[in-house]
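A.B. asks: First the structure, which I've put down as structure tokens, then a few questions once you've had a look.
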Amino acid sequence: MAPSTAPSGSVVSQSHVLSDAPDAPDAPVLIFDSGVGGLSVAAEIRRQWPTLPLAYVCDNAALPYGTKADDWLVTRIAQVCAAAVEASGARALVVACNTASTLALQALRETLSIPVIGTVPAIKPAALLARSRQSAVRRAQGEPPVFGLLATSATVRRAYTEQLIHDFAADCQVIRVAADPLVAEAERRLRGEAARPEVVAASLADLAAVPGLEVVILGCTHFPLLSADIASALGRNAPGEPPLALVDSGAAIARRVAHVLELPARTAQPTLAQDEVSDAGIALATDACQPGLATALESQGFAAPRGLALGP
């Protein structure tokens, strides 16, 4: 099935999986998320590779993923991504959603003929950073390095997350906080609605009280969109204390995309003329008429969304 063209708000349908991956250098990298959180990943990829064509798809009709059954999600994610890859002619897929990555990467790699790049909580780099930043006093007292994992309830409880902690942070105290309200808050802000810092503060109250906390993983792609409020809510007031380190996966994903696609190495961040920056990317959504969605996508350089219908 060849990629379809349609005006904003119309529907691009999908009846089967997809053909071989396109070889053209202007074929986009497709970024997938349940909502607009993946735009934080798109922003980092664009920062590192401003001429790389991007496309975006969100399954916002099924948001939030965290409340859905795992088996249903695996099937749904595979359907949405296959349809979107076909419609966009993508040459690679970035699953910019921790929940989807911990559940469906294997299914996607079995279904699709293009590279699939996942997103998982940054446990390993956070553990390394927590060890290096631990105070000499706490180390002398035999206290473990401490870091927080801020994620959705689905990611916090996932066996995959537990395995990452076992493999890379067994010597650390990992404070897991399910902060599902922050997903909705990030979605609201990108739609142009008023910020509610009190929602962020309430979600992080328990984490803010943890002694010795040096590092916090932003374990959902929505959360970097709220990083300023998160840093404020978790800020420490003691003189001379370094600021809390917030760790997310965006930069690592961008580097992985470059590696997989064998993009030429950068020696410095280029200064580009306007006509050298990639054009507004195609955007697809399972609910293209959602209020404020076009505003959110436009804020990160994407065109108005087209509807994506799933096959039977």
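A note on labels: chains of the structure tokens are A, B, ... as shown, every chain counts residues from 1, and ligands are counted from 1 in their shown order.
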Residues of stretch 70-112 of chain A within 9 Å of stretch 50-62 of chain A: nearest atom pair and distance (Å, one decimal) for each, counting only C-alpha atoms, sorted by chain and number, as CSV?
C.D. replies:
```
residue,atom,partner,partner_atom,distance
A:Arg76,CA,A:Ala62,CA,9.0
A:Ile77,CA,A:Asp59,CA,8.3
A:Val80,CA,A:Asp59,CA,7.1
A:Cys81,CA,A:Val57,CA,8.0
A:Ala84,CA,A:Val57,CA,6.7
A:Ser88,CA,A:Ala55,CA,7.0
A:Ala90,CA,A:Ala55,CA,7.7
```
A.B. asks: Let's have the selection written as a CSV table (one decimal), in the first residue's frame, with C-alpha atoms.
C.D. replies:
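Output file out.csv is given in full below:
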```
chain,number,residue,atom,x,y,z
A,76,ARG,CA,-2.6,-1.7,19.4
A,77,ILE,CA,1.0,-0.3,19.3
A,80,VAL,CA,-0.6,2.1,14.9
A,81,CYS,CA,3.1,2.0,14.1
A,84,ALA,CA,2.0,5.2,10.4
A,88,SER,CA,4.8,8.4,6.2
A,90,ALA,CA,9.6,6.3,7.2
```
A.B. asks: Find the residues near A:Ala258: any atom within 12 Å, counting only C-alpha atoms, skip ones fewer than 3 places away on the same chain, and give them as a ChimeraX atom specification.
C.D. replies: /A:29,45-46,48-50,52,92,94,115,117,251-255,261-266
A.B. asks: Given the selection you just returned, output its residues as a file containing N, CA, C and O atoms, formatted as a PDB file, in the first residue's frame.
C.D. replies:
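The new file part_2.pdb reads:
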```pdb
ATOM      1  N   VAL A  29      12.443  10.020   9.671  1.00  0.00           N
ATOM      2  CA  VAL A  29      12.445   9.196  10.869  1.00  0.00           C
ATOM      3  C   VAL A  29      11.112   9.450  11.571  1.00  0.00           C
ATOM      4  O   VAL A  29      10.757  10.596  11.845  1.00  0.00           O
ATOM      5  N   ILE A  45      16.416  15.395  18.785  1.00  0.00           N
ATOM      6  CA  ILE A  45      16.919  14.934  17.486  1.00  0.00           C
ATOM      7  C   ILE A  45      17.136  16.130  16.564  1.00  0.00           C
ATOM      8  O   ILE A  45      18.161  16.233  15.881  1.00  0.00           O
ATOM      9  N   ARG A  46      16.183  17.060  16.549  1.00  0.00           N
ATOM     10  CA  ARG A  46      16.330  18.250  15.703  1.00  0.00           C
ATOM     11  C   ARG A  46      17.498  19.118  16.154  1.00  0.00           C
ATOM     12  O   ARG A  46      18.177  19.739  15.332  1.00  0.00           O
ATOM     13  N   GLN A  48      20.278  18.078  17.467  1.00  0.00           N
ATOM     14  CA  GLN A  48      21.528  17.454  17.036  1.00  0.00           C
ATOM     15  C   GLN A  48      21.632  17.317  15.513  1.00  0.00           C
ATOM     16  O   GLN A  48      22.722  17.385  14.959  1.00  0.00           O
ATOM     17  N   TRP A  49      20.478  17.105  14.854  1.00  0.00           N
ATOM     18  CA  TRP A  49      20.481  16.843  13.408  1.00  0.00           C
ATOM     19  C   TRP A  49      19.386  17.670  12.748  1.00  0.00           C
ATOM     20  O   TRP A  49      18.347  17.155  12.353  1.00  0.00           O
ATOM     21  N   PRO A  50      19.582  18.982  12.631  1.00  0.00           N
ATOM     22  CA  PRO A  50      18.497  19.869  12.188  1.00  0.00           C
ATOM     23  C   PRO A  50      18.033  19.642  10.754  1.00  0.00           C
ATOM     24  O   PRO A  50      16.944  20.085  10.401  1.00  0.00           O
ATOM     25  N   LEU A  52      17.660  16.581   9.405  1.00  0.00           N
ATOM     26  CA  LEU A  52      17.089  15.238   9.291  1.00  0.00           C
ATOM     27  C   LEU A  52      15.559  15.331   9.223  1.00  0.00           C
ATOM     28  O   LEU A  52      14.925  15.872  10.137  1.00  0.00           O
ATOM     29  N   ALA A  92      12.994   4.794   9.559  1.00  0.00           N
ATOM     30  CA  ALA A  92      13.287   4.282  10.898  1.00  0.00           C
ATOM     31  C   ALA A  92      12.161   4.728  11.823  1.00  0.00           C
ATOM     32  O   ALA A  92      11.499   5.742  11.569  1.00  0.00           O
ATOM     33  N   VAL A  94      11.248   5.583  15.873  1.00  0.00           N
ATOM     34  CA  VAL A  94      11.648   5.821  17.254  1.00  0.00           C
ATOM     35  C   VAL A  94      10.416   5.682  18.131  1.00  0.00           C
ATOM     36  O   VAL A  94       9.443   6.429  17.965  1.00  0.00           O
ATOM     37  N   PRO A 115      14.491  -0.148  10.903  1.00  0.00           N
ATOM     38  CA  PRO A 115      15.035  -0.141  12.267  1.00  0.00           C
ATOM     39  C   PRO A 115      14.044   0.455  13.265  1.00  0.00           C
ATOM     40  O   PRO A 115      13.343   1.427  12.966  1.00  0.00           O
ATOM     41  N   ILE A 117      13.921   1.900  17.181  1.00  0.00           N
ATOM     42  CA  ILE A 117      14.750   2.401  18.283  1.00  0.00           C
ATOM     43  C   ILE A 117      13.839   2.681  19.468  1.00  0.00           C
ATOM     44  O   ILE A 117      12.877   3.446  19.350  1.00  0.00           O
ATOM     45  N   ALA A 251      18.896  12.749  24.479  1.00  0.00           N
ATOM     46  CA  ALA A 251      20.179  12.873  23.781  1.00  0.00           C
ATOM     47  C   ALA A 251      20.687  11.506  23.343  1.00  0.00           C
ATOM     48  O   ALA A 251      21.241  11.355  22.248  1.00  0.00           O
ATOM     49  N   ALA A 252      20.514  10.486  24.203  1.00  0.00           N
ATOM     50  CA  ALA A 252      20.972   9.144  23.851  1.00  0.00           C
ATOM     51  C   ALA A 252      20.190   8.587  22.664  1.00  0.00           C
ATOM     52  O   ALA A 252      20.748   7.903  21.798  1.00  0.00           O
ATOM     53  N   ILE A 253      18.894   8.880  22.608  1.00  0.00           N
ATOM     54  CA  ILE A 253      18.086   8.420  21.474  1.00  0.00           C
ATOM     55  C   ILE A 253      18.561   9.079  20.186  1.00  0.00           C
ATOM     56  O   ILE A 253      18.685   8.429  19.137  1.00  0.00           O
ATOM     57  N   ALA A 254      18.832  10.380  20.241  1.00  0.00           N
ATOM     58  CA  ALA A 254      19.310  11.086  19.053  1.00  0.00           C
ATOM     59  C   ALA A 254      20.621  10.490  18.556  1.00  0.00           C
ATOM     60  O   ALA A 254      20.821  10.314  17.349  1.00  0.00           O
ATOM     61  N   ARG A 255      21.518  10.172  19.487  1.00  0.00           N
ATOM     62  CA  ARG A 255      22.790   9.559  19.087  1.00  0.00           C
ATOM     63  C   ARG A 255      22.550   8.171  18.492  1.00  0.00           C
ATOM     64  O   ARG A 255      23.235   7.773  17.528  1.00  0.00           O
ATOM     65  N   LEU A 261      21.318   5.044  11.426  1.00  0.00           N
ATOM     66  CA  LEU A 261      21.192   5.548  10.055  1.00  0.00           C
ATOM     67  C   LEU A 261      22.544   5.897   9.433  1.00  0.00           C
ATOM     68  O   LEU A 261      22.589   6.335   8.281  1.00  0.00           O
ATOM     69  N   GLU A 262      23.617   5.726  10.218  1.00  0.00           N
ATOM     70  CA  GLU A 262      24.967   6.020   9.739  1.00  0.00           C
ATOM     71  C   GLU A 262      25.067   7.449   9.216  1.00  0.00           C
ATOM     72  O   GLU A 262      25.606   7.730   8.140  1.00  0.00           O
ATOM     73  N   LEU A 263      24.539   8.374  10.016  1.00  0.00           N
ATOM     74  CA  LEU A 263      24.635   9.780   9.664  1.00  0.00           C
ATOM     75  C   LEU A 263      26.081  10.247   9.822  1.00  0.00           C
ATOM     76  O   LEU A 263      26.804   9.748  10.690  1.00  0.00           O
ATOM     77  N   PRO A 264      26.517  11.187   9.007  1.00  0.00           N
ATOM     78  CA  PRO A 264      27.901  11.659   9.120  1.00  0.00           C
ATOM     79  C   PRO A 264      28.152  12.321  10.462  1.00  0.00           C
ATOM     80  O   PRO A 264      27.277  13.003  11.019  1.00  0.00           O
ATOM     81  N   ALA A 265      29.335  12.103  10.998  1.00  0.00           N
ATOM     82  CA  ALA A 265      29.675  12.643  12.307  1.00  0.00           C
ATOM     83  C   ALA A 265      29.666  14.163  12.269  1.00  0.00           C
ATOM     84  O   ALA A 265      30.067  14.785  11.278  1.00  0.00           O
ATOM     85  N   ARG A 266      29.204  14.754  13.373  1.00  0.00           N
ATOM     86  CA  ARG A 266      29.218  16.213  13.490  1.00  0.00           C
ATOM     87  C   ARG A 266      30.474  16.646  14.231  1.00  0.00           C
ATOM     88  O   ARG A 266      30.816  16.069  15.252  1.00  0.00           O
TER      89      ARG A 266
END
```
A.B. asks: As an MDAnalysis selection string, please: all residues of stretch 1-217 of chain A that backbone DSSP puts in strand (DSSP E or B).
C.D. replies: chainID A and resid 11:12 29:33 54:58 92:95 116:117 146:151 173:178 215:217
A.B. asks: Would you write out those residues with N, CA and C atoms, as a tab-separated table (two decimals), in the first residue's frame?
C.D. replies:
```
chain	number	residue	atom	x	y	z
A	11	VAL	N	-8.31	11.33	6.92
A	11	VAL	CA	-7.88	10.06	7.45
A	11	VAL	C	-7.03	9.32	6.44
A	12	VAL	N	-5.89	8.81	6.89
A	12	VAL	CA	-5.05	7.94	6.10
A	12	VAL	C	-5.28	6.53	6.61
A	29	VAL	N	12.44	10.02	9.67
A	29	VAL	CA	12.44	9.20	10.87
A	29	VAL	C	11.11	9.45	11.57
A	30	LEU	N	10.37	8.40	11.84
A	30	LEU	CA	9.05	8.51	12.45
A	30	LEU	C	9.17	8.37	13.97
A	31	ILE	N	8.61	9.33	14.68
A	31	ILE	CA	8.61	9.32	16.15
A	31	ILE	C	7.21	9.00	16.62
A	32	PHE	N	7.11	7.96	17.46
A	32	PHE	CA	5.80	7.49	17.95
A	32	PHE	C	5.69	7.68	19.46
A	33	ASP	N	4.52	8.14	19.88
A	33	ASP	CA	4.19	8.19	21.31
A	33	ASP	C	2.68	8.09	21.44
A	54	LEU	N	11.81	14.54	9.84
A	54	LEU	CA	11.10	13.83	10.90
A	54	LEU	C	9.61	13.77	10.58
A	55	ALA	N	8.96	12.72	11.08
A	55	ALA	CA	7.51	12.62	11.08
A	55	ALA	C	7.09	12.21	12.48
A	56	TYR	N	5.83	12.46	12.82
A	56	TYR	CA	5.35	12.20	14.18
A	56	TYR	C	4.00	11.52	14.12
A	57	VAL	N	3.79	10.55	15.01
A	57	VAL	CA	2.48	9.93	15.14
A	57	VAL	C	2.16	9.74	16.62
A	58	CYS	N	0.94	10.06	16.99
A	58	CYS	CA	0.50	9.82	18.36
A	58	CYS	C	-0.82	9.06	18.36
A	92	ALA	N	12.99	4.79	9.56
A	92	ALA	CA	13.29	4.28	10.90
A	92	ALA	C	12.16	4.73	11.82
A	93	LEU	N	11.96	3.97	12.89
A	93	LEU	CA	10.91	4.28	13.87
A	93	LEU	C	11.56	4.46	15.23
A	94	VAL	N	11.25	5.58	15.87
A	94	VAL	CA	11.65	5.82	17.25
A	94	VAL	C	10.42	5.68	18.13
A	95	VAL	N	10.45	4.73	19.04
A	95	VAL	CA	9.34	4.54	19.98
A	95	VAL	C	9.64	5.43	21.20
A	116	VAL	N	13.99	-0.15	14.45
A	116	VAL	CA	13.12	0.32	15.53
A	116	VAL	C	14.00	0.66	16.73
A	117	ILE	N	13.92	1.90	17.18
A	117	ILE	CA	14.75	2.40	18.28
A	117	ILE	C	13.84	2.68	19.47
A	146	VAL	N	21.77	7.36	46.07
A	146	VAL	CA	20.32	7.48	45.97
A	146	VAL	C	19.96	8.20	44.68
A	147	PHE	N	19.00	7.63	43.96
A	147	PHE	CA	18.41	8.38	42.85
A	147	PHE	C	16.93	8.05	42.73
A	148	GLY	N	16.21	8.95	42.09
A	148	GLY	CA	14.78	8.76	41.93
A	148	GLY	C	14.44	8.36	40.50
A	149	LEU	N	13.40	7.56	40.38
A	149	LEU	CA	12.83	7.21	39.07
A	149	LEU	C	11.43	7.79	39.01
A	150	LEU	N	11.29	8.85	38.25
A	150	LEU	CA	10.00	9.51	38.07
A	150	LEU	C	9.41	9.01	36.75
A	151	ALA	N	8.29	8.31	36.83
A	151	ALA	CA	7.74	7.67	35.63
A	151	ALA	C	6.24	7.51	35.80
A	173	GLN	N	19.97	2.96	46.22
A	173	GLN	CA	18.59	3.08	46.69
A	173	GLN	C	17.81	3.83	45.60
A	174	VAL	N	16.86	3.15	45.00
A	174	VAL	CA	16.09	3.73	43.89
A	174	VAL	C	14.69	4.04	44.40
A	175	ILE	N	14.37	5.31	44.41
A	175	ILE	CA	13.06	5.77	44.87
A	175	ILE	C	12.15	5.89	43.65
A	176	ARG	N	11.17	5.00	43.56
A	176	ARG	CA	10.28	5.01	42.40
A	176	ARG	C	9.01	5.80	42.72
A	177	VAL	N	8.69	6.73	41.84
A	177	VAL	CA	7.52	7.58	42.03
A	177	VAL	C	6.68	7.54	40.76
A	178	ALA	N	5.44	7.09	40.90
A	178	ALA	CA	4.49	7.13	39.79
A	178	ALA	C	3.86	8.52	39.76
A	215	VAL	N	20.08	12.62	42.05
A	215	VAL	CA	19.77	12.40	40.64
A	215	VAL	C	18.33	11.95	40.52
A	216	VAL	N	17.63	12.43	39.49
A	216	VAL	CA	16.26	11.98	39.20
A	216	VAL	C	16.15	11.67	37.73
A	217	ILE	N	15.67	10.47	37.43
A	217	ILE	CA	15.41	10.08	36.05
A	217	ILE	C	14.04	10.59	35.64
```
A.B. asks: Find the residues near A:Arg158: any atom within 12 Å, counting only C-alpha atoms, skip ones fewer than 3 places away on the same chain, and give them as a count of residues only.
C.D. replies: 22
A.B. asks: Which is closer to A:Glu110 than all the others in A:Ala78, A:Leu218, A:Ala179, A:Ala130, using only C-alpha atoms?
C.D. replies: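 Of all the options, A:Ala78 lies closest to A:Glu110.
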A.B. asks: I need the residue nearest A:Arg138 from this list: A:Pro211, A:Val200, A:Arg189, A:Arg157. Use only C-alpha atoms for the distance.
C.D. replies: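 Looking only at the distances to A:Arg138, the closest residue turns out to be A:Pro211.
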A.B. asks: According to DSSP computed on the backbone, where in stretch 98-176 of chain A is there alpha helix (DSSP H)? Give the residues as number ranges by chain.
C.D. replies: A: 98-111, 123-133, 136-140, 153-157, 159-168
A.B. asks: What is the atom CA of A:Ala43-atom CA of A:Pro125 distance in Å, reported with one decimal?
C.D. replies: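 Distance reported for this atom pair: 20.9 Å.
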A.B. asks: Just checking: using only C-alpha atoms, which residue out of A:Pro144, A:Ala82, A:Leu105, A:Arg191 ends up closest to A:Tyr160?
C.D. replies: A:Leu105
A.B. asks: Quick one: everything within 9 Å of A:Gly250, counting only C-alpha atoms, minus sequence neighbours fewer than 6 positions away in the same chain. Send it as a list in words.
C.D. replies: Ser40, Val41, Ala42, Ala43, Glu44, Ile45, Ala96, Thr119, Thr221 and Pro224 of chain A
A.B. asks: Could you give me, as a list in words, the residues within 8 Å of A:Val36, counting only C-alpha atoms and dropping anything in the same chain fewer than 5 positions from it?
C.D. replies: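 Here the answer would be Cys58, Glu187, Leu190, His222, Ala296 and Leu297 of chain A.
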A.B. asks: Could you please take those selected residues and save C-alpha atoms as a compact mmCIF listing (two decimals), in the first residue's frame?
C.D. replies:
```txt
# COMPACT_ATOMS: atom_id res chain seq x y z
CA CYS A 58 0.50 9.82 18.36
CA GLU A 187 -0.25 17.59 27.35
CA LEU A 190 1.68 21.97 24.81
CA HIS A 222 6.43 13.89 28.66
CA ALA A 296 1.43 21.37 20.21
CA LEU A 297 2.75 19.84 17.01
```
A.B. asks: For a quick check of understanding, using only C-alpha atoms, which of A:Leu129, A:Ala169, A:Cys97, A:Ala205 has the smallest distance to A:Gly35?
C.D. replies: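 Using only C-alpha atoms, the shortest distance to A:Gly35 belongs to A:Cys97.
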